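Visitor: I am sharing query18.tsv, which consists of TSV, C-alpha atoms:
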chain	number	residue	atom	x	y	z
A	1	MET	CA	-273.70	133.13	124.86
A	2	ARG	CA	-272.14	130.04	126.34
A	3	ASP	CA	-271.36	129.02	129.88
A	4	SER	CA	-270.03	125.83	131.42
A	5	GLU	CA	-271.59	123.90	134.27
A	6	ASN	CA	-270.50	120.82	136.20
A	7	ILE	CA	-273.20	118.16	136.54
A	8	ASN	CA	-272.75	114.95	138.55
A	9	CYS	CA	-273.67	111.62	136.98
A	10	PRO	CA	-276.70	110.19	138.85
A	11	TYR	CA	-275.16	106.69	138.63
A	12	CYS	CA	-271.47	106.96	139.55
A	13	GLY	CA	-271.31	110.54	140.89
A	14	GLN	CA	-268.57	111.65	138.46
A	15	GLU	CA	-268.55	115.36	137.71
A	16	ASN	CA	-269.18	116.02	133.99
A	17	THR	CA	-268.57	119.46	132.48
A	18	MET	CA	-271.30	120.67	130.11
A	19	VAL	CA	-271.13	123.66	127.77
A	20	VAL	CA	-274.48	125.43	128.01
A	21	ASP	CA	-276.01	127.86	125.52
A	22	VAL	CA	-277.61	130.30	127.97
A	23	SER	CA	-279.55	132.05	125.19
A	24	VAL	CA	-281.94	129.04	125.08
A	25	PRO	CA	-284.46	129.26	127.97
A	26	SER	CA	-285.24	125.58	128.52
A	27	GLN	CA	-283.18	122.59	127.43
A	28	ARG	CA	-283.48	118.81	127.90
A	29	PHE	CA	-281.08	116.31	126.40
A	30	VAL	CA	-279.40	112.96	127.04
A	31	THR	CA	-275.64	112.56	127.35
A	32	ASP	CA	-273.28	109.77	128.39
A	33	CYS	CA	-271.18	109.91	131.53
A	34	GLU	CA	-267.49	110.40	130.78
A	35	VAL	CA	-266.54	107.67	133.29
A	36	CYS	CA	-269.26	104.97	133.53
A	37	CYS	CA	-270.65	105.63	130.01
A	38	ARG	CA	-274.28	105.32	131.17
A	39	PRO	CA	-276.73	107.73	129.56
A	40	PHE	CA	-278.49	110.28	131.74
A	41	GLY	CA	-280.84	113.18	131.14
A	42	VAL	CA	-279.79	116.79	131.63
A	43	VAL	CA	-282.26	119.58	132.38
A	44	ILE	CA	-281.14	123.21	132.01
A	45	GLU	CA	-283.15	126.36	132.69
A	46	CYS	CA	-281.87	129.80	131.70
A	47	GLU	CA	-283.34	133.29	131.80
A	48	GLU	CA	-282.04	136.45	130.17
A	49	GLY	CA	-278.68	134.87	129.36
A	50	GLU	CA	-278.15	133.57	132.90
A	51	LEU	CA	-278.05	129.93	134.02
A	52	LEU	CA	-280.73	129.38	136.66
A	53	GLU	CA	-280.69	125.62	137.14
A	54	ALA	CA	-278.88	122.58	135.77
A	55	TYR	CA	-279.28	119.02	137.00
A	56	ALA	CA	-279.08	115.37	135.93
A	57	GLU	CA	-281.90	112.84	135.80
A	58	ALA	CA	-281.49	109.06	135.76
A	59	ASP	CA	-283.27	107.56	132.77
Reformat the file's structure so that it appears as structure tokens.

Guide:
Amino acid sequence: MRDSENINCPYCGQENTMVVDVSVPSQRFVTDCEVCCRPFGVVIECEEGELLEAYAEAD
């Protein structure tokens, strides 16, 4: 199952849309901002196919 979530870049504040696989309970990855191109960490927590939490971390 997939869901989408908007996560703000911790550097420039731009909203970035992420496609999330909600069948995976805990996810951590690095992505680049679509506007300022700086890399930032993304943390996603899901439970029973439902998105519980999604946020960005500055590296």

Visitor: I'd like the contact shell of Val24 (chain A) - 10 Å cut-off, all atoms listed in the file, skipping same-chain residues fewer than 3 positions apart - returned as a PyMOL selection string.

Guide: chain A and resi 1-2+20-21+27+44-51

Visitor: For CA of Glu5 (chain A) and CA of Ala58 (chain A), quote the distance in Å rounded to one decimal.

Guide: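 Distance reported for this atom pair: 17.9 Å.
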
Visitor: Would you please work out which residue, of A:Asp3, A:Gly13, A:Glu34, A:Val22, is nearest to Glu57 (chain A) when using only C-alpha atoms?

Guide: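 Result for the nearest residue to Glu57 (chain A): A:Gly13.
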
Visitor: Point out the residue among A:Asn16, A:Pro10, A:Glu53, A:Ser4 with the least atom-to-atom distance to Gly41 (chain A), counting all atoms listed in the file.

Guide: A:Pro10

Visitor: Restricting the calculation to only C-alpha atoms, which member of A:Val42, A:Ile7, A:Cys12, A:Ala56 is positioned closest to Ser26 (chain A)?

Guide: A:Val42

Visitor: To one decimal place in Å, what is the distance between CA of Asp32 (chain A) and CA of Asn6 (chain A)?

Guide: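 Between these atoms lies a distance of 13.8 Å.
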
Visitor: How many Å lie between CA of Asp59 (chain A) and CA of Val19 (chain A), rounded to one decimal?

Guide: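 Interatomic distance, CA of Asp59 (chain A) to CA of Val19 (chain A): 20.8 Å.
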
Visitor: So that I can see what lies close to Cys33 (chain A), please list as a count of residues only the residues with an atom at most 10 Å from it, counting all atoms listed in the file and leaving out residues fewer than 3 positions away in the same chain.

Guide: 17
